[in-house]
Amino acid sequence: MKGSVLAPAQLPPHMPHLRDGWRRRLCRNVLQLCGWSLVGNFPDVPKLVLIAAPHSSWWDGIWGLLMKAAIGADVHFMAKRELFRGPLGALLVKLGGIPINRGAAAGMVEQTIDRFGRESTLWLGIAPEGTRRHMPRWKTGFWRIAHGAGVPVFPVAFNYPDKTIRLGPLLDTTDDMAADIERLRAFYAPFQGKYHGI
């Protein structure tokens, strides 16, 4: 089933979003011209951890940022700090980017949980694979952040064969991390990234 690109007015009221403008309309037009669309529904919650997979190409970031801008979603995202240099870095910060040092992950989970506690609304996007290479096991930081902050996990999938970004069901974490991650991976099983699936 083919989806569409939502206008900001169609977003749930508790989902953090930005005002409409010419940049959003331009991004919607680019996505439509390139054949990309959304399938599914956004949850009406003010805080969550959004995970995006399969992550197999730098194109994922481009399509994801275009979609984020097109719908006016105020979604922050983590990316390796090496990308936050020069004009690109300034642009990424403006788009909601949060630089992380992948070599010094200690404390990142705790700092992010604390940030969730301070914010009234926060949607935070994370790639659970942590790399574009195929990873049979996911990194668990996203789960530890969501569980520690008491917010749900929202899975979003890139499916390149039909150029759709698929929105999955919210998952409230339990005390069984392995079982929660297996349920999330089951959602992603049918979907194919640019170069690999889950």
# chains A, B, ... in the order shown; residues from 1 in each chain; ligands from 1
>>> residues_around(residues="Glu182 in chain A", least_positions_apart="5", cutoff="12 Å", atoms="only C-alpha atoms", output="ChimeraX atom specification")
/A:136-138,140,143,171,173,176-177,187-189,198
>>> write_last_selection(atoms="N, CA and C atoms", output="PDB file, in the first residue's frame")
ATOM      1  N   PRO A 136      24.378  -8.261  13.163  1.00  0.00           N
ATOM      2  CA  PRO A 136      23.429  -9.260  13.659  1.00  0.00           C
ATOM      3  C   PRO A 136      22.904  -8.938  15.053  1.00  0.00           C
ATOM      4  N   ARG A 137      23.666  -8.118  15.805  1.00  0.00           N
ATOM      5  CA  ARG A 137      23.219  -7.705  17.134  1.00  0.00           C
ATOM      6  C   ARG A 137      23.169  -6.184  17.193  1.00  0.00           C
ATOM      7  N   TRP A 138      22.097  -5.654  17.754  1.00  0.00           N
ATOM      8  CA  TRP A 138      21.970  -4.210  17.909  1.00  0.00           C
ATOM      9  C   TRP A 138      22.706  -3.721  19.153  1.00  0.00           C
ATOM     10  N   THR A 140      22.524  -1.577  22.520  1.00  0.00           N
ATOM     11  CA  THR A 140      21.375  -1.537  23.443  1.00  0.00           C
ATOM     12  C   THR A 140      21.134  -0.172  24.068  1.00  0.00           C
ATOM     13  N   TRP A 143      17.527   1.155  24.045  1.00  0.00           N
ATOM     14  CA  TRP A 143      16.611   0.513  24.990  1.00  0.00           C
ATOM     15  C   TRP A 143      16.857   1.022  26.404  1.00  0.00           C
ATOM     16  N   LEU A 171       6.282   0.544  21.459  1.00  0.00           N
ATOM     17  CA  LEU A 171       6.618  -0.544  22.378  1.00  0.00           C
ATOM     18  C   LEU A 171       6.987   0.058  23.728  1.00  0.00           C
ATOM     19  N   THR A 173       8.744  -0.561  27.059  1.00  0.00           N
ATOM     20  CA  THR A 173       9.766  -1.515  27.470  1.00  0.00           C
ATOM     21  C   THR A 173       9.337  -2.273  28.726  1.00  0.00           C
ATOM     22  N   ASP A 176      12.617  -7.146  30.519  1.00  0.00           N
ATOM     23  CA  ASP A 176      13.309  -8.150  29.711  1.00  0.00           C
ATOM     24  C   ASP A 176      13.804  -7.487  28.423  1.00  0.00           C
ATOM     25  N   MET A 177      15.006  -6.945  28.471  1.00  0.00           N
ATOM     26  CA  MET A 177      15.556  -6.224  27.325  1.00  0.00           C
ATOM     27  C   MET A 177      15.645  -7.113  26.090  1.00  0.00           C
ATOM     28  N   PHE A 187       9.443  -6.718  13.921  1.00  0.00           N
ATOM     29  CA  PHE A 187       8.761  -5.703  13.116  1.00  0.00           C
ATOM     30  C   PHE A 187       9.567  -5.393  11.863  1.00  0.00           C
ATOM     31  N   TYR A 188      10.892  -5.322  11.993  1.00  0.00           N
ATOM     32  CA  TYR A 188      11.751  -4.936  10.869  1.00  0.00           C
ATOM     33  C   TYR A 188      12.012  -6.063   9.868  1.00  0.00           C
ATOM     34  N   ALA A 189      11.714  -7.286  10.238  1.00  0.00           N
ATOM     35  CA  ALA A 189      12.085  -8.432   9.402  1.00  0.00           C
ATOM     36  C   ALA A 189      11.656  -8.322   7.936  1.00  0.00           C
ATOM     37  N   ILE A 198      17.561  -6.403   8.128  1.00  0.00           N
ATOM     38  CA  ILE A 198      17.984  -6.582   9.514  1.00  0.00           C
ATOM     39  C   ILE A 198      18.702  -7.925   9.664  1.00  0.00           C
TER      40      ILE A 198
END
>>> residues_around(residues="Leu50 in chain A", least_positions_apart="2", cutoff="8 Å", atoms="only C-alpha atoms", output="PDB file with C-alpha atoms, in the first residue's frame")
ATOM      1  CA  LEU A  48       9.688   8.707  22.961  1.00  0.00           C
ATOM      2  CA  ALA A  52      15.272   3.824  12.502  1.00  0.00           C
ATOM      3  CA  TRP A 123      11.352  12.737  20.379  1.00  0.00           C
ATOM      4  CA  LEU A 124      14.858  11.327  20.029  1.00  0.00           C
ATOM      5  CA  GLY A 125      15.922   9.339  16.955  1.00  0.00           C
ATOM      6  CA  ILE A 126      18.619   6.650  17.182  1.00  0.00           C
ATOM      7  CA  VAL A 153      10.189   3.011  21.714  1.00  0.00           C
ATOM      8  CA  PHE A 154       8.792   3.918  18.281  1.00  0.00           C
ATOM      9  CA  PRO A 155      10.173   1.788  15.398  1.00  0.00           C
ATOM     10  CA  VAL A 156      10.493   3.364  11.944  1.00  0.00           C
TER      11      VAL A 156
END
>>> select_by_dssp(residues="chain A", states="helix (DSSP H, G or I)", output="NGL selection string")
:A and (8-10 or 22-34 or 59-71 or 81-83 or 86-94 or 108-118 or 141-149 or 160-162 or 177-188)
>>> residues_around(residues="Ser56 in chain A", least_positions_apart="6", cutoff="12 Å", atoms="only C-alpha atoms", output="PDB file with N, CA and C atoms, in the first residue's frame")
ATOM      1  N   ALA A 127      19.767   5.235  15.558  1.00  0.00           N
ATOM      2  CA  ALA A 127      19.930   4.045  14.722  1.00  0.00           C
ATOM      3  C   ALA A 127      20.429   2.918  15.612  1.00  0.00           C
ATOM      4  N   PRO A 128      19.617   1.904  15.901  1.00  0.00           N
ATOM      5  CA  PRO A 128      20.033   0.870  16.853  1.00  0.00           C
ATOM      6  C   PRO A 128      21.226   0.037  16.385  1.00  0.00           C
ATOM      7  N   GLU A 129      21.462  -0.007  15.070  1.00  0.00           N
ATOM      8  CA  GLU A 129      22.616  -0.760  14.567  1.00  0.00           C
ATOM      9  C   GLU A 129      23.928  -0.030  14.852  1.00  0.00           C
ATOM     10  N   GLY A 130      23.863   1.302  14.925  1.00  0.00           N
ATOM     11  CA  GLY A 130      25.051   2.087  15.235  1.00  0.00           C
ATOM     12  C   GLY A 130      26.044   2.223  14.106  1.00  0.00           C
ATOM     13  N   THR A 131      25.766   1.617  12.955  1.00  0.00           N
ATOM     14  CA  THR A 131      26.676   1.638  11.809  1.00  0.00           C
ATOM     15  C   THR A 131      25.899   1.245  10.565  1.00  0.00           C
ATOM     16  N   ARG A 132      26.478   1.544   9.381  1.00  0.00           N
ATOM     17  CA  ARG A 132      25.812   1.152   8.127  1.00  0.00           C
ATOM     18  C   ARG A 132      26.084  -0.305   7.770  1.00  0.00           C
ATOM     19  N   ARG A 133      27.079  -0.923   8.424  1.00  0.00           N
ATOM     20  CA  ARG A 133      27.361  -2.328   8.149  1.00  0.00           C
ATOM     21  C   ARG A 133      26.263  -3.210   8.735  1.00  0.00           C
ATOM     22  N   HIS A 134      26.091  -4.390   8.148  1.00  0.00           N
ATOM     23  CA  HIS A 134      25.109  -5.326   8.691  1.00  0.00           C
ATOM     24  C   HIS A 134      25.551  -5.784  10.077  1.00  0.00           C
ATOM     25  N   MET A 135      24.667  -5.644  11.048  1.00  0.00           N
ATOM     26  CA  MET A 135      24.983  -6.008  12.424  1.00  0.00           C
ATOM     27  C   MET A 135      23.970  -7.031  12.928  1.00  0.00           C
ATOM     28  N   ALA A 157      10.901   2.161   9.865  1.00  0.00           N
ATOM     29  CA  ALA A 157      11.688   1.338   8.941  1.00  0.00           C
ATOM     30  C   ALA A 157      11.834   1.995   7.583  1.00  0.00           C
ATOM     31  N   PHE A 158      13.054   1.914   7.020  1.00  0.00           N
ATOM     32  CA  PHE A 158      13.274   2.261   5.622  1.00  0.00           C
ATOM     33  C   PHE A 158      13.030   1.015   4.785  1.00  0.00           C
ATOM     34  N   ASN A 159      12.159   1.118   3.791  1.00  0.00           N
ATOM     35  CA  ASN A 159      11.938  -0.011   2.882  1.00  0.00           C
ATOM     36  C   ASN A 159      12.195   0.472   1.456  1.00  0.00           C
ATOM     37  N   TYR A 160      13.401   0.193   0.967  1.00  0.00           N
ATOM     38  CA  TYR A 160      13.819   0.737  -0.323  1.00  0.00           C
ATOM     39  C   TYR A 160      13.084   0.146  -1.524  1.00  0.00           C
ATOM     40  N   PHE A 191      11.385  -5.750   6.016  1.00  0.00           N
ATOM     41  CA  PHE A 191      11.823  -4.551   5.317  1.00  0.00           C
ATOM     42  C   PHE A 191      13.274  -4.632   4.874  1.00  0.00           C
ATOM     43  N   GLN A 192      13.565  -3.973   3.742  1.00  0.00           N
ATOM     44  CA  GLN A 192      14.874  -4.056   3.111  1.00  0.00           C
ATOM     45  C   GLN A 192      15.478  -2.666   2.973  1.00  0.00           C
ATOM     46  N   GLY A 193      16.655  -2.481   3.545  1.00  0.00           N
ATOM     47  CA  GLY A 193      17.381  -1.242   3.371  1.00  0.00           C
ATOM     48  C   GLY A 193      17.978  -1.160   1.979  1.00  0.00           C
ATOM     49  N   LYS A 194      18.753  -0.110   1.735  1.00  0.00           N
ATOM     50  CA  LYS A 194      19.344   0.053   0.399  1.00  0.00           C
ATOM     51  C   LYS A 194      20.269  -1.114   0.064  1.00  0.00           C
ATOM     52  N   TYR A 195      21.038  -1.585   1.074  1.00  0.00           N
ATOM     53  CA  TYR A 195      22.005  -2.660   0.813  1.00  0.00           C
ATOM     54  C   TYR A 195      21.778  -3.921   1.623  1.00  0.00           C
ATOM     55  N   HIS A 196      20.982  -3.878   2.668  1.00  0.00           N
ATOM     56  CA  HIS A 196      20.698  -5.069   3.446  1.00  0.00           C
ATOM     57  C   HIS A 196      19.479  -4.853   4.325  1.00  0.00           C
ATOM     58  N   GLY A 197      18.946  -5.957   4.828  1.00  0.00           N
ATOM     59  CA  GLY A 197      17.863  -5.899   5.796  1.00  0.00           C
ATOM     60  C   GLY A 197      18.432  -6.044   7.202  1.00  0.00           C
ATOM     61  N   ILE A 198      17.561  -6.403   8.128  1.00  0.00           N
ATOM     62  CA  ILE A 198      17.984  -6.582   9.514  1.00  0.00           C
ATOM     63  C   ILE A 198      18.702  -7.925   9.664  1.00  0.00           C
TER      64      ILE A 198
END
>>> closest_residue(among="A:His55, A:Arg23, A:Lys47, A:Arg185", to="Ile145 in chain A", atoms="only C-alpha atoms")
A:Lys47
>>> select_by_dssp(residues="range 14-89 of chain A", states="strand (DSSP E or B)", output="ChimeraX atom specification")
/A:17,37-39,47-53,73,75-80
>>> residues_around(residues="Ala146 in chain A", least_positions_apart="4", cutoff="9 Å", atoms="only C-alpha atoms", output="PyMOL selection string")
chain A and resi 48-49+113+141-142+150-153+172-173
>>> residues_around(residues="Val39 in chain A", least_positions_apart="2", cutoff="12 Å", atoms="only C-alpha atoms", output="PDB file with C-alpha atoms, in the first residue's frame")
ATOM      1  CA  MET A   1       0.000   0.000   0.000  1.00  0.00           C
ATOM      2  CA  LYS A   2       1.443   3.348  -1.023  1.00  0.00           C
ATOM      3  CA  GLY A   3       1.490   6.080   1.584  1.00  0.00           C
ATOM      4  CA  SER A   4       1.709   9.839   1.451  1.00  0.00           C
ATOM      5  CA  VAL A   5       3.738  12.695   2.876  1.00  0.00           C
ATOM      6  CA  LEU A   6       1.836  14.314   5.738  1.00  0.00           C
ATOM      7  CA  TRP A  36       9.155   8.385  -1.248  1.00  0.00           C
ATOM      8  CA  SER A  37       6.197   8.290   1.122  1.00  0.00           C
ATOM      9  CA  ASN A  41       0.470   6.570  11.903  1.00  0.00           C
ATOM     10  CA  PHE A  42       2.382   8.678  14.371  1.00  0.00           C
ATOM     11  CA  MET A  67      10.908  13.415   5.638  1.00  0.00           C
ATOM     12  CA  VAL A 156      10.493   3.364  11.944  1.00  0.00           C
ATOM     13  CA  ALA A 157      11.688   1.338   8.941  1.00  0.00           C
ATOM     14  CA  PHE A 158      13.274   2.261   5.622  1.00  0.00           C
ATOM     15  CA  ASN A 159      11.938  -0.011   2.882  1.00  0.00           C
ATOM     16  CA  ASP A 162       8.821   0.452  -2.562  1.00  0.00           C
ATOM     17  CA  LYS A 163      10.451   3.685  -1.279  1.00  0.00           C
ATOM     18  CA  THR A 164       8.422   3.862   1.885  1.00  0.00           C
ATOM     19  CA  ILE A 165       9.232   4.886   5.423  1.00  0.00           C
ATOM     20  CA  ARG A 166       7.120   2.580   7.600  1.00  0.00           C
ATOM     21  CA  LEU A 167       5.837   3.616  11.020  1.00  0.00           C
ATOM     22  CA  GLY A 168       5.481   0.798  13.528  1.00  0.00           C
ATOM     23  CA  PRO A 169       3.610   0.338  16.791  1.00  0.00           C
TER      24      PRO A 169
END
>>> residues_around(residues="Ala69 in chain A", least_positions_apart="6", cutoff="9 Å", atoms="only C-alpha atoms", output="PyMOL selection string")
chain A and resi 18+23-25+27-28+95
>>> atom_distance(atom1="CA of Gln32 in chain A", atom2="CA of Pro161 in chain A")
15.6 Å
>>> atom_distance(atom1="CA of Lys139 in chain A", atom2="CA of Met15 in chain A")
26.0 Å
>>> atom_distance(atom1="CA of Thr112 in chain A", atom2="CA of Pro46 in chain A")
15.7 Å
>>> decode(residues="range 99-130 of chain A", atoms="C-alpha atoms", output="CSV table (one decimal), in the first residue's frame")
chain,number,residue,atom,x,y,z
A,99,PRO,CA,26.7,15.0,18.4
A,100,ILE,CA,27.9,11.9,20.2
A,101,ASN,CA,31.4,10.4,20.8
A,102,ARG,CA,31.0,6.8,19.9
A,103,GLY,CA,34.4,6.0,21.5
A,104,ALA,CA,33.3,7.3,24.9
A,105,ALA,CA,29.8,6.0,25.3
A,106,ALA,CA,30.0,5.9,29.1
A,107,GLY,CA,27.6,8.4,30.6
A,108,MET,CA,25.8,9.1,27.4
A,109,VAL,CA,22.8,7.0,28.4
A,110,GLU,CA,22.5,8.7,31.8
A,111,GLN,CA,22.9,12.1,30.3
A,112,THR,CA,20.1,11.4,27.8
A,113,ILE,CA,17.8,10.0,30.5
A,114,ASP,CA,18.4,13.2,32.5
A,115,ARG,CA,17.5,15.3,29.4
A,116,PHE,CA,14.2,13.4,29.0
A,117,GLY,CA,13.5,14.3,32.6
A,118,ARG,CA,14.1,18.0,32.0
A,119,GLU,CA,12.1,18.3,28.7
A,120,SER,CA,8.3,18.5,28.5
A,121,THR,CA,8.5,17.1,24.9
A,122,LEU,CA,11.3,15.2,23.3
A,123,TRP,CA,11.4,12.7,20.4
A,124,LEU,CA,14.9,11.3,20.0
A,125,GLY,CA,15.9,9.3,17.0
A,126,ILE,CA,18.6,6.6,17.2
A,127,ALA,CA,19.9,4.0,14.7
A,128,PRO,CA,20.0,0.9,16.9
A,129,GLU,CA,22.6,-0.8,14.6
A,130,GLY,CA,25.1,2.1,15.2
